[in-house]
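Colleague: This is target.txt, which holds compact mmCIF, C-alpha atoms and all ligand atoms:
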# COMPACT_ATOMS: atom_id res chain seq x y z
CA VAL A 24 19.40 80.80 -116.20
CA ILE A 25 21.92 78.16 -115.13
CA ILE A 26 21.04 74.54 -115.89
CA GLY A 27 22.78 71.76 -113.98
CA VAL A 28 23.20 68.09 -114.85
CA PRO A 29 24.55 66.02 -111.96
CA ARG A 30 25.76 62.43 -112.32
CA GLU A 31 23.01 59.96 -111.43
CA ILE A 32 23.53 58.33 -108.05
CA ALA A 33 20.54 55.98 -107.87
CA PRO A 34 21.92 52.43 -107.54
CA GLY A 35 22.29 50.84 -110.99
CA GLU A 36 21.35 54.06 -112.81
CA THR A 37 23.60 54.44 -115.86
CA ARG A 38 21.64 57.04 -117.79
CA VAL A 39 22.23 60.78 -117.87
CA ALA A 40 19.65 63.56 -118.20
CA LEU A 41 21.25 65.38 -121.17
CA VAL A 42 23.74 64.11 -123.76
CA PRO A 43 26.31 66.41 -125.45
CA ALA A 44 24.09 66.91 -128.52
CA ASN A 45 21.34 68.35 -126.27
CA VAL A 46 23.84 70.64 -124.56
CA ALA A 47 24.97 72.05 -127.91
CA ALA A 48 21.40 72.50 -129.16
CA LEU A 49 20.21 74.24 -125.98
CA LEU A 50 23.20 76.59 -125.84
CA LYS A 51 22.65 77.53 -129.47
CA LYS A 52 19.02 78.38 -128.89
CA HIS A 53 19.02 80.12 -125.51
CA LYS A 54 21.23 82.49 -123.52
CA ILE A 55 21.93 80.02 -120.74
CA GLU A 56 24.81 78.40 -118.89
CA LEU A 57 25.08 74.61 -118.62
CA LEU A 58 26.93 72.95 -115.76
CA VAL A 59 27.62 69.22 -116.02
CA GLU A 60 29.14 67.15 -113.23
CA ARG A 61 32.38 65.44 -114.25
CA GLU A 62 31.81 61.90 -115.56
CA ALA A 63 28.02 62.44 -115.56
CA GLY A 64 27.70 60.76 -118.95
CA LEU A 65 30.46 58.21 -118.67
CA ALA A 66 28.32 55.23 -117.68
CA ALA A 67 26.11 55.95 -120.70
CA GLY A 68 29.04 56.29 -123.10
CA TYR A 69 29.36 60.09 -123.26
CA THR A 70 32.73 61.57 -122.31
CA ASP A 71 33.59 64.77 -120.47
CA SER A 72 35.43 66.09 -123.52
CA GLU A 73 32.29 65.65 -125.64
CA TYR A 74 30.30 67.71 -123.13
CA GLN A 75 33.06 70.31 -123.08
CA GLU A 76 33.14 70.55 -126.87
CA ALA A 77 29.38 70.99 -126.81
CA GLY A 78 29.86 74.04 -124.58
CA ALA A 79 29.12 72.71 -121.09
CA THR A 80 31.15 73.73 -118.04
CA LEU A 81 32.38 70.65 -116.21
CA THR A 82 32.46 70.86 -112.46
CA ASP A 83 31.96 68.93 -109.21
CA ARG A 84 28.65 67.75 -107.79
CA ALA A 85 28.38 70.34 -105.01
CA THR A 86 28.90 73.18 -107.49
CA VAL A 87 26.25 71.83 -109.88
CA PHE A 88 23.68 71.79 -107.06
CA SER A 89 24.68 75.11 -105.49
CA LYS A 90 24.88 77.16 -108.71
CA ALA A 91 22.17 75.67 -110.91
CA ASP A 92 18.74 77.31 -111.03
CA VAL A 93 17.33 74.26 -112.75
CA VAL A 94 18.57 70.75 -111.90
CA LEU A 95 17.95 67.97 -114.41
CA GLN A 96 17.94 64.34 -113.30
CA VAL A 97 16.84 61.01 -114.69
CA GLN A 98 15.90 59.75 -111.22
CA THR A 99 15.15 62.45 -108.67
CA PRO A 100 14.90 61.56 -104.96
CA GLY A 101 11.15 61.18 -105.64
CA SER A 102 11.76 57.88 -107.40
CA ASN A 103 12.55 56.57 -103.91
CA HIS A 104 16.04 55.27 -104.56
CA ALA A 105 18.52 54.46 -101.82
CA ASN A 106 20.64 57.61 -102.29
CA GLY A 107 17.79 60.10 -102.64
CA ASP A 108 18.53 61.78 -99.31
CA GLN A 109 21.98 62.79 -100.54
CA ASP A 110 20.39 64.79 -103.36
CA MET A 111 17.66 66.15 -101.13
CA ALA A 112 20.36 67.60 -98.88
CA LEU A 113 21.93 69.43 -101.84
CA LEU A 114 18.75 70.85 -103.37
CA ARG A 115 17.82 74.33 -102.15
CA ALA A 116 14.90 76.73 -101.99
CA GLY A 117 14.10 78.51 -105.25
CA GLN A 118 15.51 75.75 -107.39
CA VAL A 119 13.62 73.89 -110.11
CA LEU A 120 13.97 70.11 -110.25
CA ILE A 121 13.02 68.28 -113.45
CA GLY A 122 13.12 64.50 -113.76
CA MET A 123 11.31 61.29 -112.95
CA MET A 124 9.76 61.31 -109.47
CA ASP A 125 7.07 58.63 -109.58
CA PRO A 126 4.39 61.23 -108.75
CA LEU A 127 1.33 58.99 -108.74
CA ALA A 128 2.89 56.38 -106.45
CA ASN A 129 4.81 58.90 -104.35
CA ALA A 130 2.64 62.01 -104.20
CA LYS A 131 4.18 62.92 -100.83
CA PHE A 132 7.36 63.92 -102.63
CA ALA A 133 5.48 66.87 -104.14
CA THR A 134 4.66 68.04 -100.62
CA LYS A 135 8.28 67.63 -99.62
CA LEU A 136 9.42 69.77 -102.56
CA ALA A 137 6.77 72.38 -101.79
CA GLU A 138 7.84 72.56 -98.14
CA THR A 139 11.43 73.11 -99.26
CA GLN A 140 10.29 75.82 -101.72
CA ILE A 141 11.55 73.79 -104.67
CA SER A 142 9.58 73.67 -107.94
CA GLY A 143 9.23 70.16 -109.27
CA LEU A 144 8.35 68.96 -112.77
CA ALA A 145 7.55 65.25 -113.01
CA LEU A 146 8.33 63.86 -116.45
CA GLU A 147 5.93 60.96 -115.90
CA LEU A 148 3.05 63.46 -116.04
CA VAL A 149 3.80 64.94 -119.46
CA PRO A 150 0.34 64.71 -121.06
CA ARG A 151 -0.35 62.37 -123.94
CA ILE A 152 -1.15 65.02 -126.50
CA THR A 153 0.46 65.30 -129.91
CA ARG A 154 2.41 68.46 -129.01
CA ALA A 155 4.00 66.74 -126.01
CA GLN A 156 4.90 63.48 -127.74
CA ALA A 157 8.49 64.62 -128.23
CA MET A 158 8.79 65.17 -124.45
CA ASP A 159 7.36 61.83 -123.39
CA VAL A 160 10.07 59.86 -121.59
CA LEU A 161 7.68 57.04 -120.66
CA SER A 162 7.17 56.20 -124.32
CA SER A 163 10.90 56.48 -125.04
CA MET A 164 11.88 54.21 -122.19
CA ALA A 165 9.05 51.73 -122.88
CA MET A 166 10.24 51.30 -126.46
CA LEU A 167 13.74 50.37 -125.26
CA ALA A 168 12.39 48.05 -122.56
CA GLY A 169 10.18 46.19 -125.03
CA TYR A 170 13.16 45.49 -127.26
CA LYS A 171 15.40 44.37 -124.42
CA ALA A 172 12.74 42.12 -122.88
CA VAL A 173 12.79 40.01 -126.03
CA LEU A 174 16.57 39.67 -125.93
CA MET A 175 16.36 38.64 -122.27
CA ALA A 176 13.74 36.04 -123.12
CA ALA A 177 15.76 34.73 -126.05
CA SER A 178 18.81 34.47 -123.86
CA GLU A 179 16.97 32.52 -121.13
CA SER A 180 15.10 30.25 -123.55
CA ASN A 181 16.29 26.72 -124.36
CA ARG A 182 15.04 27.19 -127.93
CA MET A 183 15.99 29.30 -130.91
CA PHE A 184 13.44 31.90 -131.99
CA PRO A 185 13.57 31.32 -135.79
CA MET A 186 12.49 28.22 -137.65
CA ASN A 187 15.43 26.28 -139.07
CA MET A 188 15.52 23.41 -141.51
CA THR A 189 18.81 21.64 -140.97
CA ALA A 190 20.39 18.31 -141.89
CA ALA A 191 19.67 17.36 -138.30
CA GLY A 192 15.98 18.03 -138.67
CA THR A 193 13.58 20.94 -138.46
CA LEU A 194 13.58 23.31 -135.52
CA ASN A 195 10.20 24.90 -134.97
CA ALA A 196 9.99 28.64 -134.47
CA SER A 197 9.40 29.78 -130.89
CA ARG A 198 5.93 30.97 -130.00
CA VAL A 199 6.03 34.33 -128.27
CA PHE A 200 3.06 35.93 -126.53
CA VAL A 201 3.06 39.59 -125.57
CA MET A 202 0.54 40.74 -122.95
CA GLY A 203 -0.13 44.46 -123.03
CA ALA A 204 0.36 45.96 -126.49
CA GLY A 205 1.28 49.53 -125.61
CA VAL A 206 4.60 51.08 -126.56
CA ALA A 207 6.73 48.37 -124.89
CA GLY A 208 4.52 45.52 -126.04
CA LEU A 209 4.48 46.59 -129.68
CA GLN A 210 8.25 46.98 -129.73
CA ALA A 211 8.51 43.51 -128.16
CA CYS A 212 6.28 42.10 -130.92
CA ALA A 213 8.38 43.72 -133.64
CA THR A 214 11.65 42.55 -132.10
CA ALA A 215 10.50 38.95 -131.58
CA LYS A 216 9.19 38.94 -135.13
CA ARG A 217 12.56 40.09 -136.46
CA LEU A 218 14.20 37.23 -134.60
CA GLY A 219 11.89 34.83 -136.41
CA ALA A 220 9.40 33.92 -133.69
CA VAL A 221 5.68 33.39 -134.24
CA VAL A 222 4.19 36.28 -132.28
CA GLU A 223 0.79 36.80 -130.72
CA ALA A 224 -0.31 39.68 -128.51
CA TYR A 225 -3.17 40.83 -126.36
CA ASP A 226 -4.39 44.10 -124.87
CA VAL A 227 -7.57 45.25 -123.14
CA ARG A 228 -7.79 48.36 -125.31
CA ALA A 229 -9.71 47.68 -128.52
CA ALA A 230 -7.49 50.14 -130.39
CA ALA A 231 -4.50 47.88 -129.82
CA ARG A 232 -5.77 45.28 -132.31
CA GLU A 233 -4.80 47.26 -135.41
CA GLN A 234 -1.45 48.14 -133.88
CA ILE A 235 -0.70 44.47 -133.12
CA LEU A 236 -1.42 43.59 -136.75
CA SER A 237 0.75 46.47 -137.97
CA VAL A 238 3.86 44.99 -136.33
CA GLY A 239 3.24 41.57 -137.86
CA ALA A 240 1.79 39.86 -134.78
CA LYS A 241 -1.52 38.09 -134.37
CA PRO A 242 -4.06 39.60 -131.95
CA VAL A 243 -5.45 37.13 -129.44
CA GLU A 244 -9.18 37.63 -129.01
CA LEU A 245 -10.85 36.78 -125.71
CA ASP A 246 -14.58 36.61 -125.13
CA LEU A 247 -14.59 39.55 -122.71
CA ASP A 248 -16.43 42.85 -122.47
CA THR A 249 -13.68 45.43 -122.85
CA GLY A 250 -16.04 48.39 -123.30
CA THR A 251 -14.58 50.30 -120.35
CA ALA A 252 -10.96 49.35 -120.88
CA GLU A 253 -9.88 52.59 -122.53
CA GLY A 254 -8.93 55.20 -119.96
CA SER A 255 -7.84 58.75 -120.74
CA GLY A 256 -4.86 59.71 -122.87
CA GLY A 257 -4.48 56.28 -124.46
CA TYR A 258 -3.89 54.64 -121.10
CA ALA A 259 -5.81 51.63 -119.87
CA ALA A 260 -8.39 52.02 -117.11
CA ALA A 261 -8.12 49.76 -114.08
CA GLN A 262 -10.33 46.70 -114.42
CA GLY A 263 -12.41 45.06 -111.70
CA GLU A 264 -11.46 41.75 -110.12
CA ASP A 265 -14.27 39.89 -111.96
CA PHE A 266 -12.89 41.00 -115.29
CA LEU A 267 -9.34 40.05 -114.38
CA LYS A 268 -10.47 36.64 -113.11
CA ARG A 269 -12.35 35.82 -116.33
CA GLN A 270 -9.41 37.14 -118.35
CA ARG A 271 -7.04 34.77 -116.53
CA GLU A 272 -9.31 31.77 -117.13
CA LEU A 273 -9.41 32.38 -120.88
CA MET A 274 -5.72 33.21 -120.98
CA THR A 275 -4.58 29.96 -119.34
CA GLU A 276 -5.06 27.97 -122.54
CA VAL A 277 -3.34 30.58 -124.66
CA ILE A 278 -0.31 30.67 -122.39
CA ALA A 279 0.03 26.90 -122.21
CA ARG A 280 0.96 26.87 -125.93
CA MET A 281 3.70 29.47 -125.57
CA ASP A 282 7.47 29.19 -125.30
CA VAL A 283 7.90 32.81 -124.23
CA VAL A 284 5.53 35.23 -122.52
CA ILE A 285 6.39 38.91 -122.21
CA THR A 286 4.14 40.96 -119.94
CA THR A 287 4.01 44.76 -120.16
CA ALA A 288 0.60 45.62 -118.73
CA ALA A 289 0.51 48.76 -116.63
CA VAL A 290 -2.14 51.03 -115.23
CA PRO A 291 -0.76 54.47 -114.33
CA GLY A 292 -0.46 55.08 -110.61
CA ALA A 293 -1.76 51.64 -109.69
CA LYS A 294 -0.16 48.31 -108.88
CA SER A 295 0.17 46.21 -112.05
CA PRO A 296 -2.74 43.86 -112.74
CA ILE A 297 -1.97 40.16 -112.17
CA LEU A 298 -2.39 38.57 -115.59
CA VAL A 299 -0.48 35.31 -114.96
CA THR A 300 -1.27 33.36 -111.79
CA GLU A 301 0.67 30.48 -110.28
CA ASP A 302 -1.89 28.02 -111.74
CA MET A 303 -1.32 29.49 -115.18
CA VAL A 304 2.43 29.05 -114.77
CA LYS A 305 1.85 25.41 -113.75
CA ALA A 306 -0.02 24.89 -117.04
CA MET A 307 2.92 26.20 -119.09
CA LYS A 308 5.51 24.02 -120.87
CA PRO A 309 8.64 23.17 -118.91
CA GLY A 310 11.46 25.38 -120.13
CA ALA A 311 9.11 28.22 -121.02
CA VAL A 312 10.22 31.76 -120.15
CA ILE A 313 8.30 34.73 -118.77
CA VAL A 314 9.84 38.20 -118.84
CA ASP A 315 7.80 40.51 -116.64
CA LEU A 316 8.38 44.16 -117.53
CA ALA A 317 5.98 45.19 -114.78
CA ALA A 318 8.26 43.67 -112.10
CA GLU A 319 8.99 47.07 -110.52
CA ARG A 320 5.28 47.70 -109.96
CA GLY A 321 4.50 44.36 -108.36
CA GLY A 322 4.59 42.37 -111.60
CA ASN A 323 2.00 40.98 -114.01
CA CYS A 324 2.91 37.45 -112.93
CA GLU A 325 2.15 36.28 -109.43
CA LEU A 326 5.51 34.52 -109.11
CA THR A 327 7.71 37.37 -110.31
CA GLU A 328 10.46 38.48 -107.94
CA ALA A 329 11.63 42.00 -108.75
CA GLY A 330 15.27 42.13 -109.70
CA GLN A 331 15.55 38.31 -109.82
CA THR A 332 15.39 35.45 -112.29
CA VAL A 333 13.66 32.48 -110.68
CA THR A 334 12.56 29.04 -111.93
CA LYS A 335 9.17 27.88 -110.68
CA HIS A 336 7.21 24.83 -111.89
CA GLY A 337 9.86 24.46 -114.60
CA VAL A 338 9.26 27.97 -115.95
CA THR A 339 11.95 30.66 -115.85
CA ILE A 340 10.53 33.97 -114.66
CA VAL A 341 12.62 37.09 -115.23
CA GLY A 342 11.70 40.20 -113.23
CA PRO A 343 14.07 42.88 -114.50
CA GLU A 344 14.34 46.32 -112.92
CA ASN A 345 15.28 49.51 -114.74
CA VAL A 346 15.62 47.85 -118.14
CA PRO A 347 16.24 51.14 -120.00
CA ALA A 348 19.45 51.60 -117.98
CA THR A 349 20.83 48.47 -119.69
CA LEU A 350 20.66 50.44 -122.95
CA ALA A 351 22.09 53.58 -121.39
CA PHE A 352 23.51 55.15 -124.56
CA HIS A 353 20.28 55.14 -126.52
CA ALA A 354 18.16 55.58 -123.41
CA SER A 355 20.07 58.78 -122.57
CA GLN A 356 19.90 59.96 -126.17
CA MET A 357 16.10 59.65 -126.08
CA PHE A 358 15.70 60.94 -122.52
CA GLY A 359 17.96 63.90 -123.32
CA LYS A 360 16.00 64.77 -126.46
CA ASN A 361 12.72 64.61 -124.54
CA MET A 362 14.25 66.86 -121.85
CA GLU A 363 15.65 69.28 -124.47
CA ASN A 364 12.20 69.60 -126.06
CA LEU A 365 10.60 70.30 -122.69
CA LEU A 366 13.26 72.91 -121.84
CA ASN A 367 12.65 74.63 -125.18
CA LEU A 368 9.10 75.17 -123.96
CA LEU A 369 10.18 76.49 -120.54
CA ILE A 370 13.14 78.72 -121.42
CA THR A 371 12.94 81.89 -123.47
CA ARG A 372 15.50 82.95 -126.06
CA GLU A 373 16.84 85.48 -123.57
CA GLY A 374 17.46 82.60 -121.22
CA THR A 375 14.81 83.14 -118.57
CA PHE A 376 12.94 80.20 -117.11
CA GLU A 377 9.17 80.63 -117.07
CA LEU A 378 6.31 78.40 -115.96
CA ASP A 379 3.23 79.40 -117.93
CA PHE A 380 0.33 77.70 -116.17
CA GLU A 381 -1.92 78.55 -119.13
CA ASP A 382 -0.05 75.81 -120.98
CA GLU A 383 -1.49 72.32 -120.49
CA ILE A 384 1.95 70.74 -120.53
CA VAL A 385 3.13 72.97 -117.68
CA ARG A 386 -0.08 72.59 -115.71
CA GLU A 387 0.00 68.80 -115.94
CA THR A 388 3.70 68.42 -115.18
CA VAL A 389 4.40 70.85 -112.33
CA VAL A 390 3.88 69.03 -109.02
CA ALA A 391 5.27 71.69 -106.70
CA HIS A 392 5.69 75.44 -107.09
CA GLN A 393 6.15 78.36 -104.67
CA GLY A 394 5.46 76.27 -101.60
CA ASP A 395 2.31 74.79 -103.05
CA VAL A 396 1.15 71.60 -104.81
CA PRO A 397 -0.80 73.14 -107.71
CA HIS A 398 -1.52 69.81 -109.42
CA ALA A 399 -5.20 68.87 -108.96
CA ARG A 400 -4.72 65.13 -109.41
CA LEU A 401 -1.84 64.96 -106.92
CA ARG A 402 -3.76 67.05 -104.41
CA GLY A 403 -6.53 64.48 -104.74
CA LEU A 404 -4.08 61.69 -103.98
CA LEU A 405 -2.71 63.59 -101.00
CA GLY A 406 -6.23 63.90 -99.61
P1 LIG B 501 1.25 51.55 -120.31
O1 LIG B 501 2.70 51.37 -120.18
O2 LIG B 501 0.52 52.36 -119.32
O3 LIG B 501 0.56 50.09 -120.39
C1 LIG B 501 1.01 49.09 -121.29
C2 LIG B 501 -0.18 48.38 -121.94
O4 LIG B 501 -0.80 47.48 -120.99
C3 LIG B 501 -1.28 49.31 -122.42
O5 LIG B 501 -1.45 49.13 -123.81
C4 LIG B 501 -2.50 48.86 -121.63
O6 LIG B 501 -3.70 48.96 -122.36
C5 LIG B 501 -2.16 47.43 -121.30
N1 LIG B 501 -2.94 46.82 -120.22
C6 LIG B 501 -3.35 47.36 -119.02
N2 LIG B 501 -4.07 46.48 -118.29
C7 LIG B 501 -4.14 45.33 -119.03
C8 LIG B 501 -4.74 44.06 -118.83
N3 LIG B 501 -5.46 43.76 -117.73
N4 LIG B 501 -4.60 43.12 -119.83
C9 LIG B 501 -3.91 43.41 -120.95
N5 LIG B 501 -3.30 44.59 -121.18
C10 LIG B 501 -3.43 45.55 -120.25
O7 LIG B 501 0.85 52.16 -121.73
P2 LIG B 501 1.75 52.80 -122.88
O8 LIG B 501 2.42 51.71 -123.61
O9 LIG B 501 2.63 53.85 -122.31
O10 LIG B 501 0.68 53.51 -123.81
C11 LIG B 501 -0.57 53.00 -124.12
C12 LIG B 501 -1.15 53.72 -125.36
O11 LIG B 501 -1.03 55.13 -125.33
C13 LIG B 501 -0.48 53.29 -126.64
O12 LIG B 501 -1.47 52.94 -127.56
C14 LIG B 501 0.26 54.47 -127.13
O13 LIG B 501 0.32 54.53 -128.55
C15 LIG B 501 -0.55 55.61 -126.57
N6 LIG B 501 0.34 56.78 -126.39
C16 LIG B 501 -0.01 58.00 -126.90
C17 LIG B 501 0.84 59.10 -126.73
C18 LIG B 501 0.50 60.45 -127.32
O14 LIG B 501 -0.48 60.58 -127.98
N7 LIG B 501 1.30 61.47 -127.07
C19 LIG B 501 2.03 58.97 -126.04
C20 LIG B 501 2.34 57.71 -125.50
C21 LIG B 501 1.49 56.64 -125.69
With the file now loaded, output its structure as structure tokens.
Modeller:
Amino acid sequence: VIIGVPREIAPGETRVALVPANVAALLKKHKIELLVEREAGLAAGYTDSEYQEAGATLTDRATVFSKADVVLQVQTPGSNHANGDQDMALLRAGQVLIGMMDPLANAKFATKLAETQISGLALELVPRITRAQAMDVLSSMAMLAGYKAVLMAASESNRMFPMNMTAAGTLNASRVFVMGAGVAGLQACATAKRLGAVVEAYDVRAAAREQILSVGAKPVELDLDTGTAEGSGGYAAAQGEDFLKRQRELMTEVIARMDVVITTAAVPGAKSPILVTEDMVKAMKPGAVIVDLAAERGGNCELTEAGQTVTKHGVTIVGPENVPATLAFHASQMFGKNMENLLNLLITREGTFELDFEDEIVRETVVAHQGDVPHARLRGLLG
């Protein structure tokens, strides 16, 4: 089989789907050929000569798309970026496309692939089972985003994070509050803690409490019934409007004490829940900072503007997009390793590509195959 890695063309996308170490490992394990577009890794800090030394064949974009049986991307056209049509025009029948394609928000892309006789594997759908953990790009990228969110907050804040006793008086440590203690939130807690802040965190899932404590933060308890908060696979279930309203009331007081609020709450396939309303922002200290990691999905704060940093009611609200791309070297290293692990499952030693639908990972991840959308959940979304 021939695997192709084109350069990413989504605006602002600096990552690459495989790094040279993955190329070397895959070529060692399987009888395959690996085509990499020239300068595919450059924006992430990986040079053409490193890919070449790892055994890849460097070529132009058109050749990668025309020769490859399997095309690997970070952002496929399914992630709805401005240049998606350019890739769509190059993809051809019989090809396999593996990458991020926002399947739950953009189920129609699966139909589009099926109509074009392209097989699509959506990395967002890799199931949350132990065996698939090493293929889970959402966890990898969330970890990086959680770290970077804290640095963004620290950079926007008019205070230092650590406590300091100086000849000019004592500087109090910043109070940081993390909403949503999943992968991103826990990494944010740990990072803020390392910078010396006093960190508190909150999540609807009861299981998060222990995890918050384990990274040195204090869990915030609200008088709320969270019995139904745990969805499947460790994800949160969507909550009703009554719950969210009560949650916001109780949260207003908590937030008013904070210097920094980092929000990371997501519900797969749904718009992000609003956790911070305009009234809650009004109750915050002037100079406080909110970093909203859910900005791309509508935001956890009502006043977030995706891709912008705005100041409202004296509070700076940062709504970053594609945060992992700001850490492109490590993001690509993790993404590439996740991709390598998935490919090891799909390619035989002899170098043939096989989709074994008996395997849960394959069944959950394939959104289009042989002109069909075999994925039950996506078919449900398509109606
Ligand atoms: P996510 O990105 O979907 O959501 C982030 C967090 O927001 C979650 O913890 C969620 O509970 C929380 N949240 C949702 N609505 C909220 C609300 N109204 N108020 C407060 N918080 C809210 O989730 P994630 O970080 O990708 O993962 C969540 C969990 O799944 C973690 O505990 C993680 O350890 C687990 N996980 C397991 C595997 C595996 O077993 N293979 C892989 C990845 C993650």
Colleague: Show me which residues are within 9 Å of ligand LIG 501 (chain B) counting all atoms listed in the file, and format the list as number ranges by chain.
Modeller: A: 149-163, 165-166, 202-209, 225-231, 234, 252-262, 266-267, 270, 286-291, 295-298, 317, 323
Colleague: Can you find the residues with an atom no farther than 9 Å from (4.1, 68.8, -112.6), counting all atoms listed in the file, and report them as JSON, numbers by chain?
Modeller: {"A": [121, 126, 133, 142, 143, 144, 145, 146, 147, 148, 149, 384, 385, 386, 387, 388, 389, 390, 391, 392, 396, 397, 398]}
Colleague: Determine the nearest neighbour of Leu366 of chain A from the options A:Ala85, A:Ala220, A:Leu58, A:Leu120, counting only C-alpha atoms.
Modeller: A:Leu120
Colleague: Which one of A:Val243, A:Leu41, A:Ala128, A:Ala213 sits closest to Glu319 of chain A if you count only C-alpha atoms?
Modeller: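 Closest residue, counting only C-alpha atoms: A:Ala128.
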Colleague: Counting only C-alpha atoms, figure out which residue out of A:Val59, A:Val341, A:Ala318, A:Met124 gets nearest to Gly107 of chain A.
Modeller: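 Smallest distance to Gly107 of chain A is found for A:Met124.
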Colleague: Could you check how far atom CA of Ala91 of chain A sits from atom CA of Thr375 of chain A, in Å to one decimal?
Modeller: 13.0 Å
Colleague: Any idea what's packed within 9 Å of Gly64 of chain A, counting only C-alpha atoms, ignoring anything in its chain fewer than 4 positions away? Could you give it as number ranges by chain?
Modeller: A: 30-31, 37-43, 59-60, 68-71, 74, 352, 355
